[in-house]
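Undergrad: my_file14.tsv is the file, holding TSV, C-alpha atoms and all ligand atoms:
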chain	number	residue	atom	x	y	z
A	31	MET	CA	12.00	-14.28	-8.12
A	32	VAL	CA	11.69	-13.24	-11.74
A	33	PHE	CA	8.31	-11.66	-10.91
A	34	GLU	CA	9.85	-9.77	-7.99
A	35	GLU	CA	12.57	-8.30	-10.22
A	36	SER	CA	9.95	-7.10	-12.71
A	37	VAL	CA	7.77	-5.65	-9.92
A	38	ALA	CA	10.71	-3.78	-8.36
A	39	ALA	CA	11.69	-2.46	-11.81
A	40	HIS	CA	8.11	-1.22	-12.35
A	41	TYR	CA	8.15	0.86	-9.14
A	42	GLY	CA	11.87	1.70	-9.19
A	43	ARG	CA	11.49	3.81	-12.33
A	44	ILE	CA	9.37	6.35	-10.39
A	45	ASP	CA	11.73	9.21	-9.57
A	46	ALA	CA	9.67	11.09	-7.01
A	47	GLU	CA	12.03	12.79	-4.55
A	48	ALA	CA	12.76	15.88	-6.66
A	49	GLN	CA	9.04	16.28	-7.42
A	50	PHE	CA	8.12	16.06	-3.72
A	51	LEU	CA	10.71	18.68	-2.81
A	52	ALA	CA	9.54	20.97	-5.63
A	53	MET	CA	5.94	20.57	-4.43
A	54	LEU	CA	6.93	21.55	-0.90
A	55	ARG	CA	8.86	24.62	-2.09
A	56	ARG	CA	5.94	25.67	-4.31
A	57	ASP	CA	3.63	25.48	-1.27
A	58	GLY	CA	6.03	27.61	0.80
A	59	LYS	CA	7.10	24.67	3.02
A	60	ASP	CA	10.62	23.85	4.16
A	61	PRO	CA	11.66	20.68	2.24
A	62	GLU	CA	14.00	19.72	5.07
A	63	HIS	CA	11.31	19.95	7.80
A	64	PHE	CA	7.73	19.23	6.87
A	65	ALA	CA	4.66	17.39	8.15
A	66	PRO	CA	3.46	14.15	6.47
A	67	ALA	CA	0.23	15.90	5.38
A	68	ASP	CA	2.27	18.51	3.46
A	69	LEU	CA	2.75	15.88	0.71
A	70	HIS	CA	-1.06	15.89	0.19
A	71	GLY	CA	-1.17	12.09	0.05
A	72	ALA	CA	0.95	11.93	-3.13
A	73	ASP	CA	3.27	9.56	-1.20
A	74	GLN	CA	0.40	7.08	-0.63
A	75	LEU	CA	-0.01	4.87	-3.68
A	76	HIS	CA	-3.52	3.58	-3.07
A	77	ILE	CA	-7.17	4.43	-3.64
A	78	GLY	CA	-8.48	6.90	-1.06
A	79	GLY	CA	-5.06	8.20	0.03
A	80	ALA	CA	-4.71	9.41	3.63
A	81	ALA	CA	-8.45	9.16	4.39
A	82	ALA	CA	-8.43	5.45	3.51
A	83	THR	CA	-5.35	4.91	5.68
A	84	SER	CA	-7.11	6.50	8.67
A	85	ARG	CA	-10.20	4.35	8.09
A	86	LEU	CA	-7.96	1.29	8.04
A	87	ALA	CA	-6.35	2.34	11.32
A	88	GLY	CA	-9.77	2.83	12.93
A	89	ARG	CA	-11.20	-0.47	11.72
A	90	ALA	CA	-8.05	-2.37	12.69
A	91	GLY	CA	-8.03	-0.69	16.14
A	92	LEU	CA	-4.49	0.68	15.81
A	93	ASP	CA	-4.17	2.55	19.12
A	94	SER	CA	-1.30	4.72	20.25
A	95	GLY	CA	1.80	2.64	20.99
A	96	THR	CA	0.78	-0.30	18.77
A	97	LYS	CA	3.72	-1.89	16.97
A	98	VAL	CA	2.70	-2.14	13.31
A	99	LEU	CA	4.30	-3.84	10.31
A	100	ASP	CA	3.58	-2.19	6.94
A	101	ILE	CA	4.04	-4.88	4.27
A	102	GLY	CA	4.94	-3.25	0.93
A	103	SER	CA	5.48	0.20	2.44
A	104	GLY	CA	6.31	1.96	-0.85
A	105	MET	CA	7.39	5.58	-0.34
A	106	GLY	CA	6.48	5.30	3.34
A	107	GLY	CA	3.36	7.48	3.16
A	108	VAL	CA	1.13	4.97	4.96
A	109	ALA	CA	3.70	4.41	7.72
A	110	ARG	CA	4.27	8.15	8.31
A	111	HIS	CA	0.53	8.85	8.33
A	112	LEU	CA	-0.14	6.05	10.83
A	113	ALA	CA	2.66	7.23	13.13
A	114	HIS	CA	1.80	10.93	12.92
A	115	GLU	CA	-2.00	10.69	13.10
A	116	HIS	CA	-2.48	7.55	15.20
A	117	GLY	CA	0.63	7.46	17.41
A	118	VAL	CA	1.73	3.96	16.41
A	119	HIS	CA	5.25	2.65	15.77
A	120	VAL	CA	5.72	1.33	12.25
A	121	HIS	CA	8.29	-0.77	10.47
A	122	GLY	CA	7.87	-0.89	6.70
A	123	VAL	CA	9.26	-3.59	4.40
A	124	ASP	CA	9.37	-3.10	0.65
A	125	LEU	CA	10.80	-4.95	-2.33
A	126	THR	CA	11.86	-1.85	-4.30
A	127	PRO	CA	15.24	-0.47	-3.08
A	128	GLU	CA	14.57	3.01	-4.54
A	129	PHE	CA	11.34	3.25	-2.52
A	130	VAL	CA	13.08	2.20	0.70
A	131	THR	CA	15.73	4.90	0.20
A	132	LEU	CA	13.06	7.50	-0.56
A	133	ALA	CA	10.88	6.39	2.38
A	134	ARG	CA	13.83	6.82	4.77
A	135	SER	CA	14.77	10.20	3.33
A	136	LEU	CA	11.22	11.61	3.55
A	137	THR	CA	10.72	10.18	7.03
A	138	GLN	CA	13.90	11.82	8.33
A	139	ARG	CA	12.64	15.17	6.99
A	140	THR	CA	9.36	14.73	8.90
A	141	ALA	CA	11.31	13.96	12.10
A	142	LEU	CA	9.40	10.69	12.49
A	143	ASN	CA	12.50	8.52	12.27
A	144	GLY	CA	12.16	7.65	15.96
A	145	SER	CA	8.87	5.87	15.35
A	146	VAL	CA	9.05	4.85	11.67
A	147	THR	CA	11.74	2.59	10.17
A	148	PHE	CA	12.10	0.70	6.90
A	149	SER	CA	13.95	-2.27	5.48
A	150	GLN	CA	14.26	-3.71	2.02
A	151	GLY	CA	12.92	-7.21	1.55
A	152	SER	CA	10.20	-9.42	0.18
A	153	ALA	CA	6.79	-9.96	1.73
A	154	LEU	CA	7.31	-13.63	0.83
A	155	ALA	CA	10.35	-13.94	3.12
A	156	LEU	CA	10.10	-11.10	5.64
A	157	PRO	CA	13.51	-10.22	7.13
A	158	LEU	CA	11.93	-10.14	10.61
A	159	ASP	CA	11.71	-12.27	13.76
A	160	ALA	CA	8.61	-14.28	14.64
A	161	LYS	CA	5.91	-12.84	16.96
A	162	THR	CA	7.29	-9.27	16.81
A	163	PHE	CA	4.28	-7.08	15.84
A	164	ASP	CA	0.85	-6.30	17.32
A	165	ALA	CA	-0.64	-5.53	13.91
A	166	ALA	CA	0.16	-5.59	10.21
A	167	VAL	CA	-1.21	-3.66	7.26
A	168	MET	CA	-0.79	-4.47	3.58
A	169	VAL	CA	-2.07	-1.73	1.27
A	170	HIS	CA	-2.30	-2.25	-2.51
A	171	VAL	CA	0.49	-4.83	-2.61
A	172	GLY	CA	-1.27	-8.17	-3.14
A	173	MET	CA	-2.00	-7.30	-6.79
A	174	ASN	CA	1.74	-7.86	-7.43
A	175	ILE	CA	1.99	-11.11	-5.43
A	176	ARG	CA	0.99	-14.43	-6.95
A	177	ASP	CA	1.52	-16.55	-3.82
A	178	LYS	CA	-1.09	-15.15	-1.39
A	179	ASP	CA	-0.72	-18.24	0.85
A	180	LYS	CA	2.96	-17.47	1.40
A	181	VAL	CA	2.55	-13.75	2.10
A	182	PHE	CA	-0.23	-14.40	4.62
A	183	ALA	CA	1.78	-17.20	6.27
A	184	GLU	CA	4.65	-14.71	6.66
A	185	ALA	CA	2.28	-12.12	8.18
A	186	ALA	CA	1.01	-14.75	10.62
A	187	ARG	CA	4.58	-15.70	11.55
A	188	VAL	CA	5.67	-12.16	12.52
A	189	LEU	CA	2.45	-11.24	14.39
A	190	ARG	CA	1.92	-11.94	18.08
A	191	PRO	CA	-1.04	-14.15	19.13
A	192	GLY	CA	-4.17	-11.99	18.86
A	193	GLY	CA	-2.45	-9.73	16.29
A	194	VAL	CA	-4.63	-7.96	13.73
A	195	PHE	CA	-4.07	-7.84	9.98
A	196	ALA	CA	-5.66	-5.27	7.64
A	197	VAL	CA	-5.41	-5.99	3.92
A	198	TYR	CA	-6.54	-3.35	1.42
A	199	ASP	CA	-6.11	-4.37	-2.21
A	200	ILE	CA	-7.72	-4.06	-5.62
A	201	MET	CA	-9.60	-7.34	-6.11
A	202	VAL	CA	-11.55	-9.09	-8.87
A	203	VAL	CA	-15.31	-8.74	-8.48
A	204	GLY	CA	-16.49	-9.52	-12.02
A	205	GLY	CA	-15.75	-11.91	-14.87
A	206	GLU	CA	-14.27	-9.84	-17.68
A	207	THR	CA	-10.54	-9.36	-18.26
A	208	GLU	CA	-8.99	-6.09	-17.16
A	209	GLU	CA	-7.19	-3.75	-19.62
A	210	TYR	CA	-3.53	-2.74	-19.12
A	211	PRO	CA	-1.62	-0.69	-18.15
A	212	LEU	CA	-2.91	-0.58	-14.57
A	213	PRO	CA	-1.16	1.39	-11.81
A	214	TRP	CA	0.63	-1.70	-10.45
A	215	ALA	CA	1.55	-3.42	-13.75
A	216	ASP	CA	2.04	-2.58	-17.41
A	217	THR	CA	0.95	-6.07	-18.51
A	218	GLY	CA	-0.81	-9.08	-17.03
A	219	GLU	CA	2.55	-10.78	-16.41
A	220	THR	CA	3.05	-9.08	-13.03
A	221	SER	CA	-0.60	-8.65	-12.08
A	222	PHE	CA	-2.13	-11.25	-9.78
A	223	VAL	CA	-5.50	-9.75	-8.89
A	224	GLN	CA	-7.81	-12.24	-7.20
A	225	PRO	CA	-11.33	-12.27	-5.76
A	226	PRO	CA	-11.98	-11.53	-2.05
A	227	LEU	CA	-12.82	-15.22	-1.50
A	228	ALA	CA	-9.29	-16.23	-2.55
A	229	TYR	CA	-7.93	-13.76	0.01
A	230	SER	CA	-10.16	-14.96	2.84
A	231	ASP	CA	-9.38	-18.60	2.03
A	232	ALA	CA	-5.63	-17.87	2.07
A	233	LEU	CA	-5.97	-15.90	5.33
A	234	THR	CA	-7.87	-18.76	6.97
A	235	GLN	CA	-5.28	-21.22	5.68
A	236	ALA	CA	-2.56	-19.11	7.34
A	237	GLY	CA	-4.36	-19.28	10.70
A	238	PHE	CA	-6.28	-15.97	10.66
A	239	GLU	CA	-9.93	-15.48	11.55
A	240	VAL	CA	-11.58	-13.09	9.08
A	241	ASP	CA	-13.68	-10.38	10.78
A	242	LEU	CA	-14.83	-7.91	8.15
A	243	GLU	CA	-14.82	-7.31	4.40
A	244	ALA	CA	-15.68	-3.89	2.92
A	245	LYS	CA	-15.86	-2.79	-0.75
A	246	THR	CA	-15.43	0.90	-1.62
A	247	VAL	CA	-16.24	1.18	-5.36
A	248	GLN	CA	-17.74	4.68	-5.44
A	249	GLU	CA	-14.89	6.06	-3.33
A	250	GLY	CA	-12.54	4.48	-5.88
A	251	ILE	CA	-14.26	6.10	-8.85
A	252	ASP	CA	-14.37	9.53	-7.14
A	253	PHE	CA	-10.70	9.24	-6.14
A	254	LEU	CA	-9.65	8.36	-9.69
A	255	ASP	CA	-11.75	11.19	-11.18
A	256	HIS	CA	-9.98	13.63	-8.87
A	257	ALA	CA	-6.56	12.09	-9.66
A	258	LEU	CA	-7.22	12.27	-13.43
A	259	THR	CA	-8.21	15.95	-13.15
A	260	SER	CA	-5.01	16.67	-11.19
A	261	VAL	CA	-2.82	14.79	-13.68
A	262	ALA	CA	-4.43	16.65	-16.63
A	263	ALA	CA	-3.91	20.00	-14.88
A	264	GLY	CA	-0.33	19.09	-13.93
A	265	THR	CA	-1.13	19.71	-10.26
A	266	GLY	CA	-0.56	16.29	-8.72
A	267	GLY	CA	-2.21	12.88	-8.48
A	268	PRO	CA	-0.55	9.71	-7.16
A	269	MET	CA	3.17	10.11	-7.81
A	270	GLY	CA	4.42	8.34	-10.94
A	271	VAL	CA	1.07	6.89	-12.07
A	272	GLY	CA	0.06	7.92	-15.61
A	273	ALA	CA	-3.35	8.86	-16.97
A	274	ALA	CA	-3.71	5.63	-19.04
A	275	ALA	CA	-3.36	3.42	-15.96
A	276	LEU	CA	-5.77	5.58	-13.95
A	277	THR	CA	-8.30	5.57	-16.81
A	278	ASN	CA	-8.15	1.78	-17.21
A	279	LEU	CA	-8.60	1.27	-13.46
A	280	ARG	CA	-11.57	3.67	-13.38
A	281	ALA	CA	-13.20	1.71	-16.25
A	282	ALA	CA	-12.62	-1.59	-14.43
A	283	PHE	CA	-14.32	-0.15	-11.29
A	284	GLN	CA	-17.18	1.30	-13.33
A	285	ASP	CA	-17.71	-1.97	-15.23
A	286	GLY	CA	-17.74	-4.08	-12.06
A	287	ILE	CA	-14.55	-5.99	-12.98
A	288	LEU	CA	-12.25	-4.76	-10.18
A	289	ALA	CA	-12.94	-3.03	-6.83
A	290	PRO	CA	-10.99	-1.72	-3.84
A	291	VAL	CA	-11.65	-4.16	-0.98
A	292	GLU	CA	-10.59	-4.09	2.67
A	293	ILE	CA	-10.32	-7.34	4.64
A	294	TYR	CA	-9.71	-7.35	8.41
A	295	ALA	CA	-8.54	-10.48	10.20
A	296	HIS	CA	-6.87	-11.51	13.46
A	297	LEU	CA	-4.88	-14.38	14.87
A	298	PRO	CA	-6.44	-16.31	17.74
A	299	GLY	CA	-5.20	-14.94	21.09
A	301	LIG	C1	1.02	0.30	-5.16
A	301	LIG	S1	2.44	0.36	-4.15
A	301	LIG	C2	1.70	0.64	-2.54
A	301	LIG	C3	2.69	1.21	-1.56
A	301	LIG	C4	2.11	1.54	-0.19
A	301	LIG	N1	1.55	0.39	0.47
A	301	LIG	C5	1.10	2.64	-0.29
A	301	LIG	O1	-0.10	2.38	-0.16
A	301	LIG	O2	1.51	3.80	-0.51
A	301	LIG	C6	2.92	-1.36	-4.06
A	301	LIG	C7	4.20	-1.57	-3.30
A	301	LIG	O3	4.33	-2.97	-3.05
A	301	LIG	C8	5.69	-3.31	-3.15
A	301	LIG	N2	5.77	-4.76	-3.37
A	301	LIG	C9	5.28	-5.46	-4.43
A	301	LIG	N3	5.55	-6.78	-4.28
A	301	LIG	C10	6.22	-6.90	-3.10
A	301	LIG	C11	6.78	-8.01	-2.39
A	301	LIG	N4	6.72	-9.26	-2.85
A	301	LIG	N5	7.37	-7.75	-1.20
A	301	LIG	C12	7.45	-6.51	-0.70
A	301	LIG	N6	6.97	-5.41	-1.35
A	301	LIG	C13	6.34	-5.61	-2.52
A	301	LIG	C14	6.19	-2.47	-4.30
A	301	LIG	O4	7.60	-2.33	-4.28
A	301	LIG	C15	5.45	-1.15	-4.04
A	301	LIG	O5	6.20	-0.31	-3.20
Here is a file; write its structure as structure tokens.
Ligand SMILES: C[S@@+](CC[C@H](N)C(=O)[O-])C[C@H]1O[C@@H](n2cnc3c(N)ncnc32)[C@H](O)[C@@H]1O
TA:
Amino acid sequence: MVFEESVAAHYGRIDAEAQFLAMLRRDGKDPEHFAPADLHGADQLHIGGAAATSRLAGRAGLDSGTKVLDIGSGMGGVARHLAHEHGVHVHGVDLTPEFVTLARSLTQRTALNGSVTFSQGSALALPLDAKTFDAAVMVHVGMNIRDKDKVFAEAARVLRPGGVFAVYDIMVVGGETEEYPLPWADTGETSFVQPPLAYSDALTQAGFEVDLEAKTVQEGIDFLDHALTSVAAGTGGPMGVGAAALTNLRAAFQDGILAPVEIYAHLPG
């Protein structure tokens, strides 16, 4: 619990709503009625932004009408993108109350509140009934969660038989220690990065069958270069993430210490 309080405090300090609304006004958009893409992916706190979310949807086979759980939904950018571009219904759960409030507010302004909902809660004790969802996604959340066994057991509990699970996290791929701050933690105390093998072992333990693993290092470096240029020019970048954290993450990718990794799994039917 003490970790969860620190994690929520880390993300809760990001005060993004006013910046989003200013960005929309600057672009000549109506802040009360806009499309998810009008936020230019600044509401998606992960490597690759909207393009990575679409790739995830394709690889996980998220067809129109699929009922999807977004574990660690942040500002709701992934959920809105999935609903708008792929026609799915999404429920997002996030630990950080400020993000849940912001996710709801932005979603209402994109008129997606019929297909996208949010609740506050922990991935380790999802406030949801068993066998409710066709699919689940978890994007850049596992780095803040020490107990991977528990989070994957919870995902397995709320998915229907045959349900698919797409996990996209920053994982450890080399031996050296990473430098802080990183985008998800200011110190190692709330960072629980692990190798892909630890993820696939925990997924198997929870009853999943692992289908595919994909590493996207160069995409990560290119994305961070673009984000660093935007931050330096004062024209954007992932909301609330500073240049020091982006620089340290870029170095960890470049040095082969960390990498963005996607893992796709499913429950037996
Ligand atoms: C880097 S952000 C990613 C947000 C979103 N998935 C995205 O890609 O835009 C990590 C999110 O995970 C949430 N989180 C961290 N630990 C969590 C937990 N135990 N349960 C639920 N959410 C958690 C944080 O509050 C934060 O919103």
Undergrad: Give as a PyMOL selection string every residue, naming chains and numbers as the document does, that has an atom within 7 Å of (10.0, 8.6, 0.1), counting only C-alpha atoms.
TA: chain A and resi 47+73+105-106+129+131-136
Undergrad: Tell me which residues come within 12 Å of (0.3, -10.4, -14.9), as a PyMOL selection string, counting all atoms listed in the file in the file's coordinates.
TA: chain A and resi 33-34+36-37+173-176+207-212+214-224
Undergrad: Please list as an MDAnalysis selection string every residue within 7 Å of Gly204 in chain A, counting only C-alpha atoms and excluding residues in the same chain fewer than 3 positions away.
TA: chainID A and resid 286:288
Undergrad: Restrict the calculation to only C-alpha atoms and all ligand atoms, then for each residue of chain A with any atom at most 7 Å from an atom of ligand LIG 301 (chain A) give the closest atom pair and their distance in Å to one decimal, rows by chain and rising residue number, as a tab-separated table.
TA:
residue	atom	partner	partner_atom	distance
A:Glu34	CA	A:LIG301	N4	6.0
A:Val37	CA	A:LIG301	C9	6.0
A:Ala38	CA	A:LIG301	O4	5.3
A:Tyr41	CA	A:LIG301	O4	5.8
A:Asp73	CA	A:LIG301	O2	6.1
A:Gln74	CA	A:LIG301	O2	3.5
A:Leu75	CA	A:LIG301	O2	3.7
A:His76	CA	A:LIG301	O1	4.6
A:Ile101	CA	A:LIG301	C12	6.2
A:Gly102	CA	A:LIG301	N6	3.7
A:Ser103	CA	A:LIG301	N1	4.4
A:Gly104	CA	A:LIG301	O5	3.3
A:Met105	CA	A:LIG301	O2	6.1
A:Gly106	CA	A:LIG301	O2	6.5
A:Gly107	CA	A:LIG301	O2	5.5
A:Val108	CA	A:LIG301	O2	5.6
A:Val123	CA	A:LIG301	C12	6.1
A:Asp124	CA	A:LIG301	N6	3.9
A:Leu125	CA	A:LIG301	N6	4.0
A:Thr126	CA	A:LIG301	O4	4.3
A:Phe129	CA	A:LIG301	O5	6.3
A:Gly151	CA	A:LIG301	C12	6.0
A:Ser152	CA	A:LIG301	N5	3.6
A:Ala153	CA	A:LIG301	N5	3.7
A:Leu154	CA	A:LIG301	N4	5.7
A:Met168	CA	A:LIG301	N1	6.2
A:Val169	CA	A:LIG301	N1	4.3
A:His170	CA	A:LIG301	C2	4.9
A:Val171	CA	A:LIG301	O3	4.3
A:Asn174	CA	A:LIG301	N3	5.1
A:Ile175	CA	A:LIG301	N4	5.7
A:Trp214	CA	A:LIG301	C1	5.7
Undergrad: Could you save those same residues with C-alpha atoms as a PDB file, keeping the file's coordinate frame?
TA:
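Written file, result-v5.pdb:
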ATOM      1  CA  GLU A  34       9.850  -9.770  -7.990  1.00  0.00           C
ATOM      2  CA  VAL A  37       7.770  -5.650  -9.920  1.00  0.00           C
ATOM      3  CA  ALA A  38      10.710  -3.780  -8.360  1.00  0.00           C
ATOM      4  CA  TYR A  41       8.150   0.860  -9.140  1.00  0.00           C
ATOM      5  CA  ASP A  73       3.270   9.560  -1.200  1.00  0.00           C
ATOM      6  CA  GLN A  74       0.400   7.080  -0.630  1.00  0.00           C
ATOM      7  CA  LEU A  75      -0.010   4.870  -3.680  1.00  0.00           C
ATOM      8  CA  HIS A  76      -3.520   3.580  -3.070  1.00  0.00           C
ATOM      9  CA  ILE A 101       4.040  -4.880   4.270  1.00  0.00           C
ATOM     10  CA  GLY A 102       4.940  -3.250   0.930  1.00  0.00           C
ATOM     11  CA  SER A 103       5.480   0.200   2.440  1.00  0.00           C
ATOM     12  CA  GLY A 104       6.310   1.960  -0.850  1.00  0.00           C
ATOM     13  CA  MET A 105       7.390   5.580  -0.340  1.00  0.00           C
ATOM     14  CA  GLY A 106       6.480   5.300   3.340  1.00  0.00           C
ATOM     15  CA  GLY A 107       3.360   7.480   3.160  1.00  0.00           C
ATOM     16  CA  VAL A 108       1.130   4.970   4.960  1.00  0.00           C
ATOM     17  CA  VAL A 123       9.260  -3.590   4.400  1.00  0.00           C
ATOM     18  CA  ASP A 124       9.370  -3.100   0.650  1.00  0.00           C
ATOM     19  CA  LEU A 125      10.800  -4.950  -2.330  1.00  0.00           C
ATOM     20  CA  THR A 126      11.860  -1.850  -4.300  1.00  0.00           C
ATOM     21  CA  PHE A 129      11.340   3.250  -2.520  1.00  0.00           C
ATOM     22  CA  GLY A 151      12.920  -7.210   1.550  1.00  0.00           C
ATOM     23  CA  SER A 152      10.200  -9.420   0.180  1.00  0.00           C
ATOM     24  CA  ALA A 153       6.790  -9.960   1.730  1.00  0.00           C
ATOM     25  CA  LEU A 154       7.310 -13.630   0.830  1.00  0.00           C
ATOM     26  CA  MET A 168      -0.790  -4.470   3.580  1.00  0.00           C
ATOM     27  CA  VAL A 169      -2.070  -1.730   1.270  1.00  0.00           C
ATOM     28  CA  HIS A 170      -2.300  -2.250  -2.510  1.00  0.00           C
ATOM     29  CA  VAL A 171       0.490  -4.830  -2.610  1.00  0.00           C
ATOM     30  CA  ASN A 174       1.740  -7.860  -7.430  1.00  0.00           C
ATOM     31  CA  ILE A 175       1.990 -11.110  -5.430  1.00  0.00           C
ATOM     32  CA  TRP A 214       0.630  -1.700 -10.450  1.00  0.00           C
TER      33      TRP A 214
END
Undergrad: Got a sec: who's within 8 Å of Val188 in chain A, counting all atoms listed in the file, leaving out chain neighbours fewer than 3 positions off, as a ChimeraX atom specification?
TA: /A:158-163,184-185
Undergrad: May I ask for the distance between CA of Thr96 in chain A and CA of Ala82 in chain A, given in Å to one decimal place?
TA: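 CA of Thr96 in chain A sits 18.7 Å away from CA of Ala82 in chain A.
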Undergrad: From the set A:Arg43, A:His70, A:Lys245, A:Arg89, which residue has the shortest atom-to-atom contact distance to Phe195 in chain A, counting all atoms listed in the file?
TA: A:Arg89
Undergrad: Need to verify the contact set: range 246-258 of chain A, 8 Å, all atoms listed in the file, exclusion of same-chain residues closer than 6 positions in sequence. Can you return it as a list in words?
TA: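 Result of the neighbour search: Ile77, Gly78, Gly266, Gly267, Pro268, Ala273, Leu276, Thr277, Arg280, Phe283, Gln284, Ala289, Pro290 and Val291 of chain A.
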Undergrad: Once you have the residues from the selection above, write them out as a CSV table (one decimal), in the frame of the given file, restricted to C-alpha atoms.
TA:
chain,number,residue,atom,x,y,z
A,77,ILE,CA,-7.2,4.4,-3.6
A,78,GLY,CA,-8.5,6.9,-1.1
A,266,GLY,CA,-0.6,16.3,-8.7
A,267,GLY,CA,-2.2,12.9,-8.5
A,268,PRO,CA,-0.6,9.7,-7.2
A,273,ALA,CA,-3.4,8.9,-17.0
A,276,LEU,CA,-5.8,5.6,-14.0
A,277,THR,CA,-8.3,5.6,-16.8
A,280,ARG,CA,-11.6,3.7,-13.4
A,283,PHE,CA,-14.3,-0.2,-11.3
A,284,GLN,CA,-17.2,1.3,-13.3
A,289,ALA,CA,-12.9,-3.0,-6.8
A,290,PRO,CA,-11.0,-1.7,-3.8
A,291,VAL,CA,-11.6,-4.2,-1.0
Undergrad: Just checking: using all atoms listed in the file, which residue out of A:Val271, A:Ile200, A:Ala166, A:Ala46 ends up closest to Glu128 in chain A?
TA: A:Ala46
Undergrad: Let me make sure I understand: among A:Val203, A:Ala295, A:Val118, A:Gly264, which one has the smallest atom-to-atom distance to Val146 in chain A if we use only C-alpha atoms?
TA: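 Between A:Val203, A:Ala295, A:Val118, A:Gly264, the residue approaching Val146 in chain A most closely is A:Val118.
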Undergrad: Have a look at CA of Leu92 in chain A and CA of Ala72 in chain A and let me know their distance in Å, one decimal.
TA: 22.7 Å
Undergrad: Here is a test: counting all atoms listed in the file, which residue of A:Gly172, A:Gly193, A:Arg85, A:Ala263 is nearest to Ala244 in chain A?
TA: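 Distance minimum relative to Ala244 in chain A lands on A:Arg85.
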Undergrad: Tell me which of A:Ala90, A:Ala155, A:Leu297, A:Ala65 sits closest to Glu239 in chain A, counting only C-alpha atoms.
TA: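 Comparing A:Ala90, A:Ala155, A:Leu297, A:Ala65 against Glu239 in chain A, the winner is A:Leu297.
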Undergrad: Separation of CA of Val197 in chain A and CA of Leu156 in chain A, in Å?
TA: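 Straight-line distance from CA of Val197 in chain A to CA of Leu156 in chain A works out to 16.4 Å.
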Undergrad: Taking all atoms of range 212-215 of chain A that the file lists and extending 6 Å past them on each side, where is the centre of the axis-aligned box and how long are its edges? Answer in Å to one decimal, as lines of an AutoDock Vina configuration file.
TA:
center_x = -0.7
center_y = -1.0
center_z = -12.5
size_x = 16.5
size_y = 16.8
size_z = 16.1
Undergrad: Got a minute to add all heavy atoms to range 155-159 of chain A and dump it as a JSON list (two decimals), in the frame of the given file?
TA:
[["chain", "number", "residue", "atom", "x", "y", "z"],
["A", 155, "ALA", "N", 9.30, -13.45, 2.21],
["A", 155, "ALA", "CA", 10.35, -13.94, 3.12],
["A", 155, "ALA", "C", 10.75, -12.73, 3.97],
["A", 155, "ALA", "O", 11.83, -12.18, 3.80],
["A", 155, "ALA", "CB", 11.54, -14.47, 2.33],
["A", 156, "LEU", "N", 9.88, -12.33, 4.87],
["A", 156, "LEU", "CA", 10.10, -11.10, 5.64],
["A", 156, "LEU", "C", 11.38, -11.20, 6.47],
["A", 156, "LEU", "O", 11.58, -12.21, 7.17],
["A", 156, "LEU", "CB", 8.90, -10.83, 6.57],
["A", 156, "LEU", "CG", 7.60, -10.42, 5.87],
["A", 156, "LEU", "CD1", 6.42, -10.47, 6.86],
["A", 156, "LEU", "CD2", 7.72, -9.01, 5.28],
["A", 157, "PRO", "N", 12.24, -10.18, 6.38],
["A", 157, "PRO", "CA", 13.51, -10.22, 7.13],
["A", 157, "PRO", "C", 13.30, -9.84, 8.60],
["A", 157, "PRO", "O", 13.93, -8.92, 9.13],
["A", 157, "PRO", "CB", 14.35, -9.15, 6.38],
["A", 157, "PRO", "CG", 13.34, -8.17, 5.87],
["A", 157, "PRO", "CD", 12.07, -8.94, 5.60],
["A", 158, "LEU", "N", 12.37, -10.54, 9.27],
["A", 158, "LEU", "CA", 11.93, -10.14, 10.61],
["A", 158, "LEU", "C", 11.72, -11.36, 11.49],
["A", 158, "LEU", "O", 11.39, -12.44, 10.99],
["A", 158, "LEU", "CB", 10.59, -9.38, 10.51],
["A", 158, "LEU", "CG", 10.62, -8.10, 9.65],
["A", 158, "LEU", "CD1", 9.21, -7.66, 9.31],
["A", 158, "LEU", "CD2", 11.38, -7.00, 10.38],
["A", 159, "ASP", "N", 11.89, -11.17, 12.81],
["A", 159, "ASP", "CA", 11.71, -12.27, 13.76],
["A", 159, "ASP", "C", 10.23, -12.61, 13.93],
["A", 159, "ASP", "O", 9.35, -11.77, 13.72],
["A", 159, "ASP", "CB", 12.28, -11.89, 15.12],
["A", 159, "ASP", "CG", 13.80, -11.80, 15.07],
["A", 159, "ASP", "OD1", 14.40, -12.44, 14.18],
["A", 159, "ASP", "OD2", 14.37, -11.07, 15.90]]
